[in-house]
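Have a look at the structure below, then the notes.
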2 protein chains.
Amino acid sequence: MAKVAKSAISPRRDEDYPEWYQQVVKAADLAENSPVRGCMVIKPWGYALWENIRDGLDVMFKATGHVNAYFPLFIPKSYIEKEAEHVEGFAKECAVVTHSRLEADPATGKLVPAGALDEPLIVRPTSETIIGATYSKWVQSYRDLPILVNQWANVVRWEMRTRLFLRTAEFLWQEGHTVHATAEEAQAETRRMLDVYADFAENFMAMPVIRGRKTDSERFPGAIETLCIEAMMQDRKALQAGTSHFLGQNFAKSCDIKFQDEAGQLQYAWTTSWGVSTRLIGGMIMTHSDDDGFVAPPRLAPQHIAILPIYRDPATRGDVLAYCESLKQEISDQTYCGRKILATIDDRDLRGGEKTWGWVKKGVPLRVEVGSRDIAENKVFVGRRDSGEKASVARAEFVATLPQKLQEIQDNLLARAKKFRAENMREINSKEEFYEFFTPKNREKPEIHGGFALCHWNGSAEVEAQIKKDLNVTIRCIPLDDNAFPPEPGTCPFSGEPSARRVIFAKSY
Amino acid sequence: MAKVAKSAISPRRDEDYPEWYQQVVKAADLAENSPVRGCMVIKPWGYALWENIRDGLDVMFKATGHVNAYFPLFIPKSYIEKEAEHVEGFAKECAVVTHSRLEADPATGKLVPAGALDEPLIVRPTSETIIGATYSKWVQSYRDLPILVNQWANVVRWEMRTRLFLRTAEFLWQEGHTVHATAEEAQAETRRMLDVYADFAENFMAMPVIRGRKTDSERFPGAIETLCIEAMMQDRKALQAGTSHFLGQNFAKSCDIKFQDEAGQLQYAWTTSWGVSTRLIGGMIMTHSDDDGFVAPPRLAPQHIAILPIYRDPATRGDVLAYCESLKQEISDQTYCGRKILATIDDRDLRGGEKTWGWVKKGVPLRVEVGSRDIAENKVFVGRRDSGEKASVARAEFVATLPQKLQEIQDNLLARAKKFRAENMREINSKEEFYEFFTPKNREKPEIHGGFALCHWNGSAEVEAQIKKDLNVTIRCIPLDDNAFPPEPGTCPFSGEPSARRVIFAKSY
């Protein structure tokens, strides 16, 4: 067995990928399980990632004409029942509020639910029905359209098996809900927001994604068409990172959203909805982290630089800290992608190694160590998280080149992720090869196997169901980008029937 | 009866204040009631106010060393039961989740709650207990202290009588929760955050506030001491606009937050909590609005300037819009208090008067009308919301003086509110005068009466209770600012007993 350098995270990815993920989340201080089953506590370092995601996306939403609003947390049961597919999709996993107070039980003295509600309320799993009911009042005439509104909110879906960020009972997200006069406009909006998500994933998260359309069996409950972005994690599974739904007139009909058109005719409107969630953080972790912990893409990093003062005796402490403070000030006068470059001085009373490793595990893009010798030479000792490079650099040069350095790291992360995806995506033309690709080679760990299979498909839900049953593999999407995935006809290896184009199969989160 | 100019809001403040408030909220498009009892829809113009409040406060929280995090929406029943006063305070009005799904009833086919939970969950009315349970794991040693965390979240309290922004079942807020090694540190934190709130209220909201301490009967359930800021609305009632609680060791004991001090002794920690909510928007509305609608303070205004193109024929439309666009561009190159100055061009197909009044009602600080003659003279016609002034101004001068003009409006709003408060606050020295001050002069509208009564009090809860019963008047606070409210001893007019200082009595929201 080859000798492997000891890593900060145990187990390593190749030893136990799911456990490695949990340990990275823990070591980077991103989140933890709460006492409430399935709900997480998002810790400050993790929440700062979410704030940066929110702020970055919010600018893009506003640039595409959207405004934010806020709708109720609760949905009356009768509202969620309105759209048949929708209720089918969400009734099985929702938090139901049935009472409006707690009262002491005379027998036991314990508090018990009291004040039963006339109609139970559902904690929103998504807000199409409650927002639709509101829109039915807002929309009267074609002059009221389009409505382009987004909401940042928490939602709840009672999941049986949860995993921090990836699948939790409560999660944070944004949900855009728009109303249009024509199907064409609504479809254009659906695609526009998918493109915003893809742009954000690649350029902020450094996470390459494939834009595509879901098959009927993977559609959002109540949608005519669901578009999605799919990313490849380091265990070669797919992560659905964002969805944009063309809802046709389904919710307009169930929620009664009608408008008078220019000819004076009453028509049902066309709606869309689109969302991304704290799941993105899980995707970012699984795209960039390594066996030493999290690696934050500079555009979303809570801090860009950790400054670590090094001194042995209290006498030099003052000088070292003063140097660090002035360095921090110089750094914060610089900007990177429109944000101030953020540096934090870590003067905690910890051993140097422990402190350095703490920042490695948290994924801060650059670490700067400052000791007496560095001060004497007017240098800083810089450690780069993505590449592991370490070098002593003249202070002035370090500060002046920071924006480029951060962009270099950002670019490197994206290039690395693209390379990984390219290495693990391939065209597959026979059923045998397909089944082999998705079958673990042995029953022991590591079980990382498979990847993205570009494969022809006859369009049949039965074929999909069989493959899912056999391998737990699904069609992640039918690609939309004809340049990257040319629509060449071929033969479905599962049925022998003709296929219009290859689709992407993978195991997934 | 004197002739009164027609106002945009009907009824006027002096005719029916509560109804005037509802009409302002409606006319300014800030919020509306939702189909869910007691829950509101915060519309885009109202939500933009909240975003600006959040962003303004968040900078101040971070400048005082706090970070944000996120904790679960749900609180297990057993957690809320842990602190006796706390459960007493919140059990009567909480949303109780009892089931985890909906199932079709075989008899009726209707969906009914199913999957009963082992332990009911409460939708957080406030998060001391769930955050306390988390902190008990985070805090081990004095080295882990202080913990300075804030959360932006939604909370639910089942209110019987609701009013948009002022009292709703669900509302948005922030709740800071901190842990300290000593009582002194926790008390200093409690006061520091009260000062942050007061600073924000006066300098962002232009809403003068009085800092004070609550009496025991008005304390937060579970607190040792509650500090508050109290503002006077235009109906002379008080609005509690923010609170900061010193929780002593109450929650540390009920949640088991213990640490090893420097001497190696295990000690209970000291905690604080502090919050402001969407209620602030209600306070802002009632402080500044007039009979023509809302008046937004420039520092929080969703838009600073509405540009209204005026043209009669399509031929001039292009020229006018081009002028407006270049004006908007010039404006947005200016900043006010660190924010880009925001202008919006309203080219909707509406009559000029309707459009102008729309922006008056929404409270945009400045309206700019641009017609062909203005373009010829390179001028703009400016309407100022707070003072009603209208003037034709040279374009270059208008743009160059915008930051000063906005600050002038901001200052004017604060000065006006301070003047109003001064006029309606007075020292009262006899019981008769006190009862007369707080008794409506007639049973008809207008019913605006009373104000802030600075009155001696013997410290007795019985006196408080009697006054509350008789007049629905409460002690809003015991002032903290000795300069504005010198602590001179006197005699309580209700009991004849000695009093250490005057306190502030008022009717309140």
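The way I read the labels, and the way they are meant: chains A, B, ... in the order of the structure tokens, residue 1 as the first residue of every chain, and ligand 1 as the first ligand shown, with later ones counted on from there.
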Write down as a short mmCIF file (atom, residue, chain, number, x, y, z; two decimals) with C-alpha atoms, in the first residue's frame the residues belonging to region 194-323 of chain B that are assigned strand (DSSP E) by DSSP computed on the backbone.
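Output contents, as saved in part05.cif:
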data_model
loop_
_atom_site.label_atom_id
_atom_site.label_comp_id
_atom_site.auth_asym_id
_atom_site.auth_seq_id
_atom_site.Cartn_x
_atom_site.Cartn_y
_atom_site.Cartn_z
CA ILE B 210 -36.42 57.51 24.55
CA ARG B 211 -34.10 54.90 26.01
CA GLY B 212 -35.33 53.35 29.19
CA ARG B 213 -35.79 50.41 31.46
CA GLU B 225 -33.97 43.54 33.07
CA THR B 226 -35.50 44.74 29.81
CA LEU B 227 -34.23 47.92 28.19
CA CYS B 228 -36.28 49.52 25.43
CA ILE B 229 -36.59 52.38 23.03
CA GLU B 230 -39.97 54.10 22.95
CA ALA B 231 -41.17 56.41 20.18
CA MET B 232 -44.19 58.70 20.03
CA ALA B 238 -46.06 55.14 22.40
CA LEU B 239 -44.56 52.45 20.22
CA GLN B 240 -42.03 50.09 21.76
CA ALA B 241 -39.59 49.98 18.88
CA GLY B 242 -36.84 47.70 20.17
CA THR B 243 -35.86 45.80 23.29
CA SER B 244 -32.60 44.54 24.76
CA HIS B 245 -32.73 42.02 27.58
CA PHE B 246 -30.27 41.19 30.31
CA LYS B 258 -21.72 26.43 31.79
CA PHE B 259 -18.04 27.26 31.36
CA GLN B 260 -14.80 26.65 33.15
CA LEU B 266 -17.41 25.62 36.54
CA GLN B 267 -19.79 28.58 36.31
CA TYR B 268 -23.10 29.40 34.70
CA TRP B 270 -24.62 35.27 31.59
CA THR B 271 -26.76 35.87 28.52
CA THR B 272 -28.53 38.65 26.68
CA SER B 273 -31.02 38.88 23.83
CA TRP B 274 -32.17 41.86 21.79
CA GLY B 275 -34.46 42.38 18.85
CA VAL B 276 -36.25 44.67 16.46
CA SER B 277 -38.84 43.64 13.93
CA ILE B 305 -36.28 60.02 -6.73
CA ALA B 306 -39.16 59.30 -9.09
CA ILE B 307 -38.56 60.78 -12.53
CA LEU B 308 -41.82 61.46 -14.33
CA PRO B 309 -41.54 62.10 -18.07
#
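In this structure, the chain A residues at most 6 Å away from chain B are Cys39, Val41, Ile42, Lys43, Pro44, Tyr47, Asn68, Ala69, Tyr70, Phe71, Pro72, Ala91, Lys92, Glu93, Cys94, Ala95, Val96, Val97, His99, Ser100, Arg101 and Leu102 of chain A, with only C-alpha atoms considered.
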Those in region 361-489 of chain A with alpha helix (DSSP H) from DSSP, as a compact mmCIF listing (two decimals) with C-alpha atoms, in the first residue's frame:
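Here's the written file states20.txt:
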# COMPACT_ATOMS: atom_id res chain seq x y z
CA LYS A 361 -9.93 23.36 7.33
CA LYS A 362 -12.15 26.44 7.10
CA SER A 372 9.71 39.14 13.40
CA ARG A 373 11.90 38.07 10.49
CA ASP A 374 9.15 38.84 7.99
CA ILE A 375 8.81 42.29 9.50
CA ALA A 376 12.57 42.87 9.31
CA GLU A 377 12.55 41.96 5.62
CA ARG A 395 4.60 42.80 1.39
CA ALA A 396 3.95 45.51 -1.20
CA GLU A 397 3.82 42.99 -4.01
CA PHE A 398 1.49 40.73 -2.03
CA VAL A 399 -0.98 43.54 -1.39
CA ALA A 400 -0.83 45.00 -4.90
CA LEU A 402 -4.21 40.44 -4.31
CA PRO A 403 -7.14 40.94 -6.70
CA GLN A 404 -5.33 39.01 -9.43
CA LYS A 405 -4.25 36.32 -6.98
CA LEU A 406 -7.82 35.80 -5.78
CA GLN A 407 -9.09 35.61 -9.35
CA GLU A 408 -6.33 33.11 -10.14
CA ILE A 409 -7.58 30.93 -7.28
CA GLN A 410 -11.18 31.32 -8.43
CA ASP A 411 -10.20 30.37 -11.99
CA ASN A 412 -8.14 27.44 -10.79
CA LEU A 413 -11.04 26.03 -8.78
CA LEU A 414 -13.36 26.23 -11.77
CA ALA A 415 -10.77 24.72 -14.14
CA ARG A 416 -10.06 21.89 -11.70
CA ALA A 417 -13.76 21.11 -11.31
CA LYS A 418 -14.25 21.18 -15.08
CA LYS A 419 -11.35 18.83 -15.57
CA PHE A 420 -12.71 16.44 -12.98
CA ARG A 421 -16.10 16.45 -14.64
CA ALA A 422 -14.60 15.91 -18.09
CA GLU A 423 -12.65 12.92 -16.79
CA LYS A 431 -26.44 -1.58 -21.91
CA GLU A 432 -23.61 -3.76 -20.62
CA GLU A 433 -21.15 -0.88 -20.50
CA PHE A 434 -23.80 1.27 -18.83
CA TYR A 435 -24.52 -1.28 -16.10
CA GLU A 436 -20.84 -1.84 -15.54
CA PHE A 437 -20.17 1.91 -15.32
CA ALA A 461 -40.67 6.32 -18.58
CA GLU A 462 -40.51 2.51 -18.27
CA VAL A 463 -36.86 2.47 -19.31
CA GLU A 464 -36.15 5.21 -16.77
CA ALA A 465 -37.97 3.29 -14.03
CA GLN A 466 -36.12 0.05 -14.77
CA ILE A 467 -32.71 1.73 -14.64
CA LYS A 468 -33.63 3.50 -11.43
CA LYS A 469 -34.75 0.21 -9.91
CA ASP A 470 -31.66 -1.68 -11.05
CA LEU A 471 -28.95 0.89 -10.40
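Considering only C-alpha atoms, the residue among A:Glu218, A:Asp290, A:Asp319, A:Glu189 positioned nearest to Asp14 (chain A) is A:Asp290.
Closest approach to Arg236 (chain B) from the set B:Asn429, B:Thr190, B:Asn203, B:Ser508 is made by B:Ser508, with distances taken over only C-alpha atoms.
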Next item on the list: Compile the contact shell of Arg385 (chain A) as JSON, numbers by chain: residues with an atom at most 7 Å away, counting only C-alpha atoms, same-chain residues fewer than 6 positions apart removed.
Entry: {"A": [295, 360, 363, 364, 365, 366]}
Near region 249-257 of chain A, counting only C-alpha atoms, which residues have an atom at most 8 Å away, once you skip same-chain residues fewer than 5 positions from it, shown as a compact mmCIF listing (two decimals) with N, CA, C and O atoms, in the first residue's frame?
# COMPACT_ATOMS: atom_id res chain seq x y z
N LYS A 82 -55.34 22.48 -3.93
CA LYS A 82 -55.93 22.97 -5.18
C LYS A 82 -55.36 22.37 -6.45
O LYS A 82 -56.05 22.22 -7.44
N GLU A 83 -54.04 22.13 -6.45
CA GLU A 83 -53.41 21.62 -7.67
C GLU A 83 -53.08 20.15 -7.43
O GLU A 83 -52.32 19.82 -6.51
N GLU A 128 -46.09 28.23 -4.22
CA GLU A 128 -46.92 28.50 -5.41
C GLU A 128 -48.37 28.81 -5.07
O GLU A 128 -48.96 29.73 -5.64
N THR A 129 -48.96 28.03 -4.14
CA THR A 129 -50.40 28.19 -3.92
C THR A 129 -50.74 29.45 -3.14
O THR A 129 -51.68 30.16 -3.48
N GLY A 132 -49.91 32.35 -5.40
CA GLY A 132 -50.90 32.37 -6.47
C GLY A 132 -52.21 33.01 -6.01
O GLY A 132 -52.81 33.81 -6.73
N ALA A 133 -52.63 32.69 -4.78
CA ALA A 133 -53.86 33.28 -4.25
C ALA A 133 -53.73 34.80 -4.13
O ALA A 133 -54.68 35.54 -4.37
N TYR A 135 -51.60 36.67 -6.00
CA TYR A 135 -51.51 37.21 -7.36
C TYR A 135 -52.89 37.31 -8.01
O TYR A 135 -53.13 38.17 -8.85
N SER A 136 -53.80 36.40 -7.64
CA SER A 136 -55.13 36.45 -8.26
C SER A 136 -55.82 37.79 -7.93
O SER A 136 -56.66 38.25 -8.68
N LYS A 137 -55.40 38.42 -6.82
CA LYS A 137 -55.94 39.76 -6.50
C LYS A 137 -55.14 40.86 -7.19
O LYS A 137 -55.69 41.90 -7.52
N VAL A 139 -53.55 40.72 -10.07
CA VAL A 139 -53.61 40.72 -11.54
C VAL A 139 -55.05 40.93 -12.00
O VAL A 139 -55.93 40.12 -11.69
N GLY A 222 -46.66 19.83 -10.65
CA GLY A 222 -47.50 20.93 -11.08
C GLY A 222 -46.92 21.71 -12.25
O GLY A 222 -47.58 22.57 -12.83
N ALA A 223 -45.67 21.42 -12.61
CA ALA A 223 -45.02 22.13 -13.70
C ALA A 223 -45.30 21.46 -15.05
O ALA A 223 -45.58 20.27 -15.11
N TYR A 268 -56.52 33.28 -18.67
CA TYR A 268 -55.66 32.81 -17.60
C TYR A 268 -54.23 33.24 -17.90
O TYR A 268 -53.79 33.23 -19.05
N ALA A 269 -53.49 33.61 -16.85
CA ALA A 269 -52.11 34.02 -17.02
C ALA A 269 -51.19 32.79 -17.08
O ALA A 269 -51.63 31.66 -16.90
N TRP A 270 -49.93 33.04 -17.35
CA TRP A 270 -48.90 32.00 -17.43
C TRP A 270 -47.87 32.28 -16.34
O TRP A 270 -47.43 33.42 -16.18
N THR A 271 -47.52 31.27 -15.58
CA THR A 271 -46.63 31.54 -14.44
C THR A 271 -45.36 30.69 -14.49
O THR A 271 -45.28 29.67 -15.18
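One finds CA of Lys6 (chain A) at 27.5 Å from CA of Val393 (chain A).
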